[in-house]
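model28.cif follows (mmCIF, C-alpha atoms):
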```
data_input
#
loop_
_atom_site.label_atom_id
_atom_site.label_comp_id
_atom_site.auth_asym_id
_atom_site.auth_seq_id
_atom_site.Cartn_x
_atom_site.Cartn_y
_atom_site.Cartn_z
CA MET A 1 -28.40 14.50 -16.62
CA THR A 2 -25.68 11.88 -16.50
CA HIS A 3 -27.01 8.32 -16.65
CA VAL A 4 -25.30 5.84 -14.35
CA ALA A 5 -25.81 2.07 -14.45
CA CYS A 6 -24.10 -0.39 -12.07
CA ALA A 7 -21.24 -1.06 -14.52
CA SER A 8 -20.48 2.59 -15.30
CA GLY A 9 -20.98 3.51 -11.63
CA VAL A 10 -18.35 1.04 -10.51
CA GLU A 11 -15.80 2.75 -12.73
CA LEU A 12 -16.45 6.06 -10.97
CA LEU A 13 -16.13 4.84 -7.40
CA MET A 14 -12.52 5.73 -6.67
CA ASP A 15 -12.86 9.21 -8.13
CA PHE A 16 -16.13 9.66 -6.24
CA ILE A 17 -14.58 8.67 -2.91
CA GLU A 18 -11.62 10.97 -3.53
CA GLY A 19 -13.90 13.87 -4.41
CA VAL A 20 -12.54 14.50 -7.89
CA LEU A 21 -15.70 13.88 -9.94
CA PRO A 22 -17.62 16.78 -11.49
CA SER A 23 -20.55 17.56 -9.19
CA ASP A 24 -23.27 16.49 -11.66
CA VAL A 25 -21.62 13.10 -12.22
CA SER A 26 -21.12 12.69 -8.50
CA ALA A 27 -24.80 13.46 -7.85
CA ALA A 28 -25.92 11.00 -10.54
CA LEU A 29 -23.77 8.28 -9.01
CA GLU A 30 -25.10 8.94 -5.52
CA ALA A 31 -28.66 8.83 -6.82
CA HIS A 32 -28.05 5.51 -8.56
CA VAL A 33 -26.38 3.87 -5.56
CA ALA A 34 -29.09 5.11 -3.18
CA GLY A 35 -31.73 3.37 -5.30
CA CYS A 36 -29.77 0.21 -6.09
CA ALA A 37 -29.39 -2.49 -3.43
CA ARG A 38 -26.70 -4.22 -5.49
CA CYS A 39 -24.54 -1.11 -5.74
CA THR A 40 -25.06 -0.26 -2.07
CA ALA A 41 -23.75 -3.73 -1.19
CA PHE A 42 -20.94 -3.46 -3.73
CA VAL A 43 -19.78 -0.07 -2.42
CA ALA A 44 -19.69 -1.40 1.15
CA SER A 45 -17.44 -4.28 0.13
CA TYR A 46 -15.30 -2.04 -2.10
CA GLN A 47 -14.67 0.25 0.86
CA ALA A 48 -14.08 -2.61 3.31
CA THR A 49 -11.44 -4.28 1.11
CA PRO A 50 -8.52 -1.93 1.96
CA ARG A 51 -9.24 -2.11 5.69
CA ILE A 52 -9.44 -5.91 5.72
CA LEU A 53 -6.18 -6.30 3.81
CA ARG A 54 -4.44 -3.58 5.85
CA ASP A 55 -5.28 -5.37 9.09
CA ALA A 56 -4.29 -8.74 7.61
CA THR A 57 -0.83 -7.53 6.52
CA ALA A 58 0.22 -5.36 9.48
CA ALA A 59 3.62 -6.94 10.16
CA THR A 60 5.60 -5.85 13.21
CA LEU A 61 9.39 -5.63 13.23
CA PRO A 62 10.87 -8.66 15.03
CA ALA A 63 13.66 -7.90 17.53
CA ASP A 64 16.20 -10.10 15.72
CA ILE A 65 15.62 -8.30 12.41
CA GLU A 66 16.00 -4.94 14.16
CA ALA A 67 19.27 -6.18 15.68
CA SER A 68 20.49 -7.37 12.25
CA LEU A 69 19.70 -3.96 10.78
CA LYS A 70 21.80 -2.21 13.42
CA ALA A 71 24.68 -4.67 12.93
CA PHE A 72 24.46 -4.19 9.16
CA LEU A 73 24.58 -0.40 9.47
CA ARG A 74 27.35 -0.55 12.10
CA ALA A 75 29.52 -2.53 9.69
CA ARG A 76 28.93 -0.20 6.73
CA THR A 77 28.51 3.29 8.21
CA ASP A 78 29.80 5.37 11.14
CA THR A 79 26.56 4.83 13.03
CA PHE A 80 25.36 2.48 15.80
CA LYS A 81 28.92 2.25 17.20
CA MET B 82 18.63 23.83 18.22
CA VAL B 83 16.93 20.85 19.81
CA VAL B 84 14.44 21.69 22.53
CA PRO B 85 14.40 19.02 25.25
CA GLY B 86 11.14 17.09 25.28
CA VAL B 87 10.21 18.14 21.75
CA GLU B 88 10.81 15.61 18.98
CA PRO B 89 13.05 17.10 16.29
CA SER B 90 11.45 17.16 12.83
CA ASP B 91 12.52 14.68 10.16
CA GLU B 92 13.96 17.51 8.14
CA LEU B 93 16.11 18.76 11.05
CA LEU B 94 17.36 15.24 11.72
CA ALA B 95 18.10 14.75 8.02
CA ALA B 96 20.15 17.95 7.91
CA ARG B 97 22.11 16.96 11.03
CA ALA B 98 22.64 13.41 9.76
CA ALA B 99 23.83 14.73 6.40
CA ALA B 100 26.34 16.89 8.30
CA GLY B 101 27.76 13.76 9.92
CA ASP B 102 25.77 13.54 13.17
CA SER B 103 25.46 9.78 13.65
CA SER B 104 22.93 10.05 16.47
CA ALA B 105 20.59 11.99 14.16
CA PHE B 106 20.77 9.17 11.62
CA GLU B 107 20.15 6.61 14.36
CA THR B 108 17.05 8.54 15.41
CA ILE B 109 15.80 8.46 11.81
CA VAL B 110 16.30 4.69 11.75
CA GLN B 111 14.46 4.28 15.07
CA ARG B 112 11.62 6.43 13.82
CA TYR B 113 11.11 4.67 10.49
CA GLN B 114 12.39 1.10 10.82
CA ALA B 115 9.06 -0.47 11.81
CA ARG B 116 7.20 1.35 9.02
CA VAL B 117 9.80 0.45 6.40
CA PHE B 118 9.75 -3.19 7.49
CA ARG B 119 5.96 -3.35 7.27
CA LEU B 120 6.07 -1.69 3.84
CA ALA B 121 8.80 -4.10 2.69
CA CYS B 122 6.70 -7.11 3.76
CA ARG B 123 3.80 -5.76 1.73
CA LEU B 124 5.89 -4.92 -1.34
CA THR B 125 8.04 -8.07 -1.35
CA SER B 126 7.76 -11.01 1.05
CA ASP B 127 8.59 -11.86 4.65
CA THR B 128 11.74 -13.50 3.29
CA ASP B 129 12.96 -10.46 1.33
CA ALA B 130 11.78 -7.77 3.75
CA PRO B 131 14.84 -7.85 6.07
CA ASP B 132 17.15 -7.25 3.08
CA VAL B 133 14.92 -4.48 1.75
CA LEU B 134 15.01 -2.88 5.21
CA GLN B 135 18.81 -2.95 5.28
CA ASP B 136 19.18 -1.70 1.71
CA THR B 137 16.75 1.14 2.34
CA PHE B 138 18.61 2.59 5.31
CA LEU B 139 22.00 2.13 3.67
CA GLN B 140 20.70 4.06 0.65
CA VAL B 141 19.21 6.71 2.92
CA TYR B 142 22.57 7.09 4.67
CA ARG B 143 24.46 7.39 1.40
CA HIS B 144 22.02 9.79 -0.24
CA LEU B 145 21.23 12.03 2.72
CA PRO B 146 23.75 14.68 1.57
CA SER B 147 21.74 15.02 -1.66
CA PHE B 148 18.34 15.32 0.09
CA ARG B 149 17.28 18.86 -0.74
CA GLY B 150 13.90 19.01 0.88
CA GLU B 151 11.92 19.35 -2.37
CA SER B 152 9.56 16.74 -0.96
CA GLN B 153 8.84 15.76 2.63
CA PHE B 154 11.57 13.61 4.12
CA GLY B 155 9.11 10.74 4.63
CA THR B 156 8.11 10.84 0.95
CA TRP B 157 11.76 10.75 -0.08
CA LEU B 158 12.46 7.80 2.26
CA TYR B 159 9.41 5.87 1.01
CA ARG B 160 10.61 6.38 -2.56
CA ILE B 161 13.95 4.80 -1.66
CA ALA B 162 12.20 1.92 0.13
CA THR B 163 9.81 1.34 -2.79
CA ASN B 164 12.71 1.24 -5.24
CA ALA B 165 14.67 -1.13 -2.99
CA ALA B 166 11.63 -3.43 -2.88
CA LEU B 167 11.32 -3.30 -6.66
CA MET B 168 14.98 -4.34 -7.05
CA HIS B 169 14.37 -7.33 -4.80
CA ARG B 170 11.22 -8.33 -6.65
CA ARG B 171 13.13 -8.27 -9.93
CA ALA B 172 15.98 -10.32 -8.47
CA SER B 173 13.82 -13.02 -6.95
CA THR B 174 12.70 -15.83 -9.21
CA ARG B 175 8.94 -15.77 -9.11
CA ARG B 176 6.58 -18.04 -10.90
CA PRO B 177 4.51 -16.07 -13.41
CA ALA B 178 1.65 -14.41 -11.56
CA GLU B 179 -1.73 -15.90 -12.30
CA SER B 180 -4.07 -13.15 -13.48
CA LEU B 181 -6.62 -11.71 -11.08
CA GLU B 182 -8.92 -10.54 -13.89
CA ALA B 183 -11.37 -13.32 -13.07
CA TYR B 184 -12.19 -11.55 -9.79
CA LEU B 185 -13.43 -8.35 -11.47
CA PRO B 186 -17.16 -7.69 -10.96
CA GLN B 187 -19.52 -9.26 -13.48
CA PHE B 188 -22.41 -7.44 -15.15
CA ASP B 189 -25.41 -8.46 -17.21
CA ALA B 190 -25.88 -7.13 -20.76
CA ASP B 191 -27.79 -4.09 -19.44
CA GLY B 192 -24.95 -3.15 -17.08
CA THR B 193 -26.58 -4.47 -13.89
CA HIS B 194 -24.53 -6.40 -11.33
CA SER B 195 -24.96 -10.13 -12.01
CA ALA B 196 -24.65 -11.04 -8.33
CA THR B 197 -27.33 -10.47 -5.67
CA PRO B 198 -26.94 -7.80 -2.97
CA ALA B 199 -26.12 -10.48 -0.37
CA GLU B 200 -23.43 -11.94 -2.63
CA LEU B 201 -22.02 -8.49 -3.36
CA GLN B 202 -21.89 -7.59 0.32
CA VAL B 203 -20.12 -10.67 1.62
CA ALA B 204 -16.53 -9.55 0.95
CA SER B 205 -17.06 -6.89 3.66
CA ARG B 206 -17.22 -9.71 6.19
CA ALA B 207 -14.19 -11.70 5.04
CA ASP B 208 -12.40 -10.84 8.28
CA GLU B 209 -15.28 -12.23 10.37
CA LEU B 210 -15.77 -15.34 8.22
CA LEU B 211 -12.14 -16.46 7.94
CA ASP B 212 -9.68 -17.23 10.69
CA ARG B 213 -6.96 -14.68 11.21
CA GLN B 214 -4.02 -16.78 10.03
CA THR B 215 -5.75 -17.99 6.87
CA LEU B 216 -6.69 -14.45 5.95
CA ALA B 217 -3.14 -13.21 6.64
CA ASP B 218 -1.63 -15.95 4.44
CA ARG B 219 -4.10 -15.43 1.61
CA ALA B 220 -3.77 -11.63 1.77
CA ARG B 221 0.00 -11.86 1.41
CA ASP B 222 -0.31 -14.25 -1.54
CA VAL B 223 -2.92 -12.29 -3.44
CA ILE B 224 -1.15 -8.94 -3.02
CA ALA B 225 1.94 -10.61 -4.50
CA ARG B 226 -0.17 -11.61 -7.50
CA LEU B 227 -1.14 -8.03 -8.37
CA PRO B 228 0.64 -6.58 -11.41
CA ASP B 229 3.68 -4.62 -10.12
CA THR B 230 2.33 -1.15 -10.86
CA TYR B 231 -1.01 -1.91 -9.17
CA ARG B 232 0.74 -3.44 -6.20
CA ASP B 233 2.91 -0.41 -5.50
CA ALA B 234 0.00 2.01 -5.77
CA PHE B 235 -2.38 -0.14 -3.72
CA VAL B 236 0.14 -0.86 -0.97
CA LEU B 237 1.09 2.78 -0.54
CA ARG B 238 -2.40 4.25 -0.88
CA ASP B 239 -4.54 1.67 0.86
CA LEU B 240 -2.28 -0.40 3.09
CA GLU B 241 0.08 2.37 4.21
CA ASP B 242 -2.90 4.74 4.13
CA MET B 243 -0.95 7.47 2.36
CA PRO B 244 -2.84 10.31 0.63
CA THR B 245 -3.06 9.91 -3.16
CA ALA B 246 -1.00 13.06 -3.78
CA ARG B 247 1.90 11.65 -1.74
CA VAL B 248 1.68 8.26 -3.44
CA ALA B 249 1.95 10.11 -6.74
CA GLN B 250 5.13 11.82 -5.51
CA VAL B 251 6.64 8.56 -4.25
CA LEU B 252 5.93 6.74 -7.52
CA GLY B 253 6.59 9.69 -9.80
CA ILE B 254 3.22 9.40 -11.55
CA GLU B 255 0.08 11.57 -11.79
CA PRO B 256 -2.57 11.35 -9.04
CA ALA B 257 -5.10 10.22 -11.68
CA ALA B 258 -2.86 7.25 -12.51
CA VAL B 259 -2.62 6.38 -8.81
CA ARG B 260 -6.41 6.41 -8.53
CA GLN B 261 -6.82 4.25 -11.63
CA ARG B 262 -4.32 1.63 -10.40
CA VAL B 263 -5.68 1.56 -6.85
CA HIS B 264 -9.21 1.22 -8.22
CA ARG B 265 -8.30 -1.78 -10.40
CA ALA B 266 -6.46 -3.38 -7.48
CA ARG B 267 -9.44 -2.85 -5.15
CA LEU B 268 -11.82 -4.41 -7.66
CA MET B 269 -9.70 -7.53 -8.05
CA LEU B 270 -8.97 -7.87 -4.35
CA ARG B 271 -12.59 -7.34 -3.43
CA GLY B 272 -13.59 -10.15 -5.80
CA TYR B 273 -10.82 -12.31 -4.41
CA LEU B 274 -12.13 -11.84 -0.85
CA SER B 275 -15.62 -12.80 -2.07
CA ASP B 276 -14.23 -15.90 -3.69
CA LEU B 277 -12.33 -16.80 -0.50
CA VAL B 278 -15.58 -16.91 1.43
CA GLY B 279 -17.21 -18.95 -1.30
CA VAL B 280 -19.13 -16.37 -3.33
CA LYS B 281 -18.62 -15.50 -6.99
CA PRO B 282 -17.50 -11.88 -7.51
#
```
Would you mind writing the file out in structure tokens?
Amino acid sequence: MTHVACASGVELLMDFIEGVLPSDVSAALEAHVAGCARCTAFVASYQATPRILRDATAATLPADIEASLKAFLRARTDTFK
Amino acid sequence: MVVPGVEPSDELLAARAAAGDSSAFETIVQRYQARVFRLACRLTSDTDAPDVLQDTFLQVYRHLPSFRGESQFGTWLYRIATNAALMHRRASTRRPAESLEAYLPQFDADGTHSATPAELQVASRADELLDRQTLADRARDVIARLPDTYRDAFVLRDLEDMPTARVAQVLGIEPAAVRQRVHRARLMLRGYLSDLVGVKP
């Protein structure tokens, strides 16, 4: 039986989420997290981090930058004539 | 043959553009420009992103004849964009990035999390606890502070939401290396979000 503590469990999280851990290690991690309020809270915040930063950095293309791109390509290629 | 009403595939457009069809290239630009711009903002800065966008499509135009379809067209284009961003990062004078190691989780001697469950949870609510503009500004700054290799992997995997196997193809590294880099980035960024809302990681 693989022993998992909080510290060693944290190091397995990415591989666990991506499904690449051996099944016994994966089961040991799940068992630890299920019984550990700290790890349950940690996992929630670990999984929320990408979403929060994705939403916070979702830039849209401004019309003037799109127009500059077309002008740039028109001047250097045979496109956007 | 292009069937009316059906969007031609990237690969078909690439082949037509490589053969000199300018409208096919223009369609590729229309299809990808917003995504490349968003990626460029995440990999460089709002200031450098317009140049990265232009460089990317000029490179795509020039290299289309050598696109052989060994990878998906989108993967190939993202590789060009990622390299263009890297060139701009190297060219811009940046102050040395302050390490994010301090935001890694802390453990007691027996390997237990030092923080309480409530403290560990709080990063999940950073988007509720901070105003939108503050979070956007801080997110941009902290992503720029990641070590380069972590930044590329994290941006592609987690911000562009690309599968790990494709990120590995774009960066030319093993999937295990992608996972390791993304994991380290997530740990630091998670701790940073905690710190932003006033809680030690």
Between atom CA of Asp136 of chain B and atom CA of Ala165 of chain B, what is the distance, to one decimal in Å? 6.5 Å
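Residues matched by the PyMOL selection byres ((chain B) within 6 of (chain A)) in this structure: Ser103, Ala115, Arg119, Gln135, Gly192, Thr193, Pro198, Leu201, Gln202, Ala204, Ser205, Ala217, Asp239, Leu240, His264 and Arg271 of chain B.
Evaluated against the shown file, the PyMOL selection byres ((chain B and resi 184-189) around 9) gives Cys6, Ala7 and Val10 of chain A; Leu181, Glu182, Ala183, Ala190, Asp191, Gly192, Thr193, His194, Ser195, Ala196, Arg265, Leu268, Met269, Leu270, Arg271, Gly272, Tyr273, Leu274, Ser275, Asp276, Lys281 and Pro282 of chain B.
Computed from the coordinates, the atom CA of Pro22 of chain A to atom CA of Ala34 of chain A distance equals 18.4 Å.
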Given all atoms listed in the file as the counted atoms, nearest of A:Gly35, A:Ala63, A:His3, A:Glu30 to Ile17 of chain A: A:Glu30
The distance between atom CA of His169 of chain B and atom CA of Leu134 of chain B is 11.0 Å
Name the residues that the PyMOL selection byres ((chain B and resi 243) around 12) picks from the file above, as a PyMOL selection string, using the file's chain letters and numbers. chain B and resi 120+155-156+159+233-242+244-251+259+263
Skipping near chain neighbours, those fewer than 4 positions away, what residues fall within 8 Å of segment 87-95 of chain B using only C-alpha atoms, listed as a ChimeraX atom specification? /B:83,99,105-106,108-109,145,148,150,153-155
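Using all atoms listed in the file, the smallest distance between any of B:Thr215, B:Ser147, B:Gln111, B:Thr230 and Leu167 of chain B comes from B:Thr230.
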